[in-house]
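Quick notes on the structure that follows.
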Amino acid sequence: MMTQSAVTKSQNIVSEQPKNKSSNVWNTFKGSFLGPIAALVLFLSIWQFIPMMLDIKPFILPKPTDVVNAAIADWALLWPAIQITITESLIGFLLSAFIGIAVSVVLASSRILEISIYPYAVILQTIPVIAVAPIVVIWFGSGFNSIVIISFLIGFFPIISNTLMGLNSVDKNMQELFTLYNASKWKTMWKLRIPAAMPYIMTGLKISSTLSIVGAITGEYIAGIGGGKGGLGYAITVAAVQLKTPYLFACGIAAAIFGICFYLIVNLFAHLMLRSWHESAMKNEK
């Protein structure tokens, strides 16, 4: 039979488990979220009171409350613009991902192709988008198609550069092992080089996810159209012309929130892809 002290000890252990669990949740919240939330509250408070104390007009520097009121008042215009920009950015990002990874695999399979073609991808990236965009508009017309292509062009290079780096960074010993077993070039690519390059591919996708939004909004500045078919870039342009500064801020903040959410989704996808076998994701999970 258990002694009284053993029973008391087991009861204490059971009662301490919920406390330990709640303390772990609090420690996680304090370490990861408390600091950013406090900084955001402090920033919004300073932003709210400075225009009030200095009597700054809303068309010069609107207060956060002015921005919220403008977003609510013009929600019928803001929400369709957000949806259009989301669609353009998502399509541009997906094109960048599929075409960028496919081109990287082809280039990595042949050293001659890589030497011959990759420099032109670098040159394409060095050309300012603002210089390429008018040409895209001339070829594909104003509106949705041109904006998607501009978004694709901006997000394409990070994927192809990171994927190529990963495909060319495979362990030499593993490559020799595949050669020893007479594995074909494409089997080596599929079974060894692509899995080994996966962390690099995910890094490229995370970079491209934010750049695709920048590309879409940049394209909307140049190729955006009105009539309810303009995205956030077009809305920002119109708000700036009309001196609707609070609404302009609302459009910019909406774009930033979308960019953060898009990045977090891609980051979650990368974590799910890598958590079971790659050290970086396994360490983060621990």
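By order of appearance in the structure tokens: chains A, B, ..., then residues from 1 within every chain, and ligands from 1 in the order shown.
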Using only C-alpha atoms, which residues sit within 7 Å of stretch 261-265 of chain A once same-chain residues fewer than 3 positions away are excluded, as an MDAnalysis selection string?
chainID A and resid 206 209:210 257:258 268:269
Written selection (N, CA, C and O atoms) as a PDB file, in the first residue's frame:
ATOM      1  N   LYS A 206       9.939  32.435 -49.978  1.00  0.00           N
ATOM      2  CA  LYS A 206       9.607  33.445 -48.974  1.00  0.00           C
ATOM      3  C   LYS A 206       9.979  34.846 -49.449  1.00  0.00           C
ATOM      4  O   LYS A 206       9.235  35.814 -49.224  1.00  0.00           O
ATOM      5  N   SER A 209       7.510  35.849 -52.253  1.00  0.00           N
ATOM      6  CA  SER A 209       6.134  36.125 -51.813  1.00  0.00           C
ATOM      7  C   SER A 209       5.933  37.600 -51.504  1.00  0.00           C
ATOM      8  O   SER A 209       4.866  38.164 -51.800  1.00  0.00           O
ATOM      9  N   THR A 210       6.935  38.240 -50.919  1.00  0.00           N
ATOM     10  CA  THR A 210       6.812  39.673 -50.633  1.00  0.00           C
ATOM     11  C   THR A 210       7.079  40.512 -51.882  1.00  0.00           C
ATOM     12  O   THR A 210       6.406  41.525 -52.109  1.00  0.00           O
ATOM     13  N   ILE A 257      -0.299  44.650 -44.393  1.00  0.00           N
ATOM     14  CA  ILE A 257      -0.922  43.519 -43.693  1.00  0.00           C
ATOM     15  C   ILE A 257      -1.015  42.307 -44.616  1.00  0.00           C
ATOM     16  O   ILE A 257      -0.736  41.163 -44.209  1.00  0.00           O
ATOM     17  N   PHE A 258      -1.407  42.553 -45.863  1.00  0.00           N
ATOM     18  CA  PHE A 258      -1.471  41.451 -46.824  1.00  0.00           C
ATOM     19  C   PHE A 258      -0.098  40.835 -47.035  1.00  0.00           C
ATOM     20  O   PHE A 258       0.048  39.606 -47.091  1.00  0.00           O
ATOM     21  N   LEU A 268       4.864  29.128 -43.166  1.00  0.00           N
ATOM     22  CA  LEU A 268       4.239  27.934 -42.587  1.00  0.00           C
ATOM     23  C   LEU A 268       4.369  26.753 -43.536  1.00  0.00           C
ATOM     24  O   LEU A 268       4.665  25.619 -43.097  1.00  0.00           O
ATOM     25  N   PHE A 269       4.143  26.986 -44.826  1.00  0.00           N
ATOM     26  CA  PHE A 269       4.311  25.915 -45.815  1.00  0.00           C
ATOM     27  C   PHE A 269       5.745  25.384 -45.802  1.00  0.00           C
ATOM     28  O   PHE A 269       5.975  24.155 -45.847  1.00  0.00           O
TER      29      PHE A 269
END
Residues within 6 Å of A:Tyr200, please, as a PyMOL selection string. Count only C-alpha atoms; anything in the same chain fewer than 6 positions from it doesn't count.
chain A and resi 162-163+166
Å distance separating atom CA of A:Leu44 from atom CA of A:Thr65, one decimal place:
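Separating atom CA of A:Leu44 from atom CA of A:Thr65 is a distance of 9.7 Å.
For the choices A:Ile213, A:Leu124, A:Ile84, A:Ala102, the atom-to-atom distance to A:Met189 is smallest for A:Ala102 when using only C-alpha atoms.
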Would you mind listing what lies within 9 Å of A:Thr85 as a PyMOL selection string, with only C-alpha atoms counted and same-chain residues fewer than 2 positions away left out?
chain A and resi 80-83+87-90+213+216-217+220+230-233+255
Could you tell me, as a PyMOL selection string, which residues of stretch 123-272 of chain A DSSP assigns to alpha helix (DSSP H) when given the backbone?
chain A and resi 123-126+129-140+144-167+172-180+185-188+194-223+232-241+245-272
Neighbour list for A:Gly141 as a list in words, cut-off 8 Å, only C-alpha atoms, skip fewer than 5 positions in-chain
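These residues fall inside the cut-off: Val136, Ser146 and Ala223 of chain A.
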Find the residue from A:Met165, A:Val106, A:Ala196, A:Cys251 that sits nearest to A:Ala239; use only C-alpha atoms when measuring.
A:Cys251
Closest of A:Ile127, A:Phe156, A:Val137, A:Ala108 to A:Ser169, counting only C-alpha atoms, is A:Ala108
Which value, in Å to one decimal, gives the distance between atom CA of A:Gln125 and atom CA of A:Ile253?
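Pair atom CA of A:Gln125 / atom CA of A:Ile253 returns 27.1 Å.
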Smallest atom-to-atom distance to A:Phe152: which of A:Leu94, A:Leu274, A:Val41, A:Ile50, using only C-alpha atoms?
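The shortest atom-to-atom distance to A:Phe152 comes from A:Leu94.
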Contacts of A:Leu164 at 9 Å or less, counting only C-alpha atoms, minus same-chain residues fewer than 4 places along, as a PyMOL selection string?
chain A and resi 101+104-105+107-108+159-160+168-169+197+200-201
Kindly save the residues from that selection, with N, CA and C atoms included, as a compact mmCIF listing (two decimals), in the first residue's frame.
# COMPACT_ATOMS: atom_id res chain seq x y z
N ILE A 101 11.46 27.41 -60.59
CA ILE A 101 11.99 26.11 -60.18
C ILE A 101 12.27 25.24 -61.40
N SER A 104 15.36 26.45 -63.17
CA SER A 104 16.54 26.13 -62.36
C SER A 104 16.95 24.67 -62.51
N VAL A 105 15.96 23.79 -62.53
CA VAL A 105 16.26 22.36 -62.69
C VAL A 105 16.90 22.11 -64.05
N LEU A 107 18.59 24.28 -65.91
CA LEU A 107 19.93 24.86 -65.94
C LEU A 107 20.92 24.03 -65.12
N ALA A 108 20.46 23.53 -63.97
CA ALA A 108 21.35 22.75 -63.12
C ALA A 108 21.70 21.40 -63.73
N ILE A 159 13.83 33.18 -56.78
CA ILE A 159 13.58 31.73 -56.80
C ILE A 159 14.64 31.01 -57.62
N ILE A 160 14.93 31.55 -58.81
CA ILE A 160 15.88 30.86 -59.67
C ILE A 160 17.29 30.89 -59.07
N ASN A 168 23.21 23.13 -56.68
CA ASN A 168 24.66 23.01 -56.86
C ASN A 168 25.41 22.84 -55.55
N SER A 169 24.68 22.72 -54.43
CA SER A 169 25.33 22.60 -53.12
C SER A 169 25.12 21.23 -52.50
N ALA A 197 18.08 20.62 -52.11
CA ALA A 197 17.90 22.05 -52.38
C ALA A 197 16.63 22.62 -51.77
N TYR A 200 16.77 25.85 -49.70
CA TYR A 200 17.06 27.00 -50.55
C TYR A 200 15.82 27.41 -51.35
N ILE A 201 15.08 26.42 -51.84
CA ILE A 201 13.86 26.72 -52.60
C ILE A 201 12.86 27.45 -51.71
Just the residues within 7 Å of A:Ile150, please, counting only C-alpha atoms, with nothing from its chain fewer than 3 positions along; format it as a short mmCIF file (atom, residue, chain, number, x, y, z; two decimals) with all heavy atoms, in the first residue's frame.
data_model
loop_
_atom_site.label_atom_id
_atom_site.label_comp_id
_atom_site.auth_asym_id
_atom_site.auth_seq_id
_atom_site.Cartn_x
_atom_site.Cartn_y
_atom_site.Cartn_z
N ALA A 133 8.37 48.07 -67.18
CA ALA A 133 6.91 48.08 -67.12
C ALA A 133 6.25 48.71 -68.34
O ALA A 133 5.28 48.15 -68.87
CB ALA A 133 6.46 48.78 -65.84
N SER A 146 -0.75 42.69 -67.73
CA SER A 146 0.53 43.37 -67.57
C SER A 146 0.97 43.39 -66.11
O SER A 146 2.15 43.21 -65.80
CB SER A 146 0.44 44.80 -68.10
OG SER A 146 0.23 44.82 -69.49
N ILE A 147 0.02 43.61 -65.21
CA ILE A 147 0.36 43.67 -63.78
C ILE A 147 0.85 42.31 -63.29
O ILE A 147 1.84 42.23 -62.53
CB ILE A 147 -0.87 44.13 -62.98
CG1 ILE A 147 -1.24 45.57 -63.37
CG2 ILE A 147 -0.61 44.05 -61.48
CD1 ILE A 147 -2.58 46.02 -62.86
N LEU A 153 7.93 39.03 -62.97
CA LEU A 153 9.31 39.39 -63.27
C LEU A 153 10.08 39.75 -62.00
O LEU A 153 11.26 39.40 -61.86
CB LEU A 153 9.35 40.56 -64.25
CG LEU A 153 8.90 40.26 -65.69
CD1 LEU A 153 8.88 41.53 -66.51
CD2 LEU A 153 9.81 39.22 -66.33
N ILE A 154 9.43 40.43 -61.07
CA ILE A 154 10.11 40.81 -59.83
C ILE A 154 10.35 39.59 -58.93
O ILE A 154 11.39 39.48 -58.29
CB ILE A 154 9.29 41.88 -59.08
CG1 ILE A 154 9.33 43.19 -59.86
CG2 ILE A 154 9.83 42.10 -57.68
CD1 ILE A 154 8.65 44.34 -59.16
N GLY A 215 5.68 43.95 -56.83
CA GLY A 215 5.55 43.99 -58.28
C GLY A 215 4.13 44.30 -58.72
O GLY A 215 3.92 45.07 -59.66
N ALA A 216 3.15 43.71 -58.03
CA ALA A 216 1.76 43.96 -58.40
C ALA A 216 1.38 45.42 -58.17
O ALA A 216 0.75 46.06 -59.03
CB ALA A 216 0.83 43.04 -57.61
N GLY A 219 3.12 47.56 -60.72
CA GLY A 219 2.44 47.44 -62.00
C GLY A 219 1.14 48.21 -62.04
O GLY A 219 0.77 48.78 -63.08
#
Quick one, how far is atom CA of A:Ser184 from atom CA of A:Glu114?
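Between these atoms lies a distance of 19.4 Å.
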Residues near A:Ile236, cut-off 9 Å, only C-alpha atoms, skip fewer than 4 positions along chain, as JSON, numbers by chain:
{"A": [221, 231, 232, 240, 241, 247, 248, 249, 251, 252]}
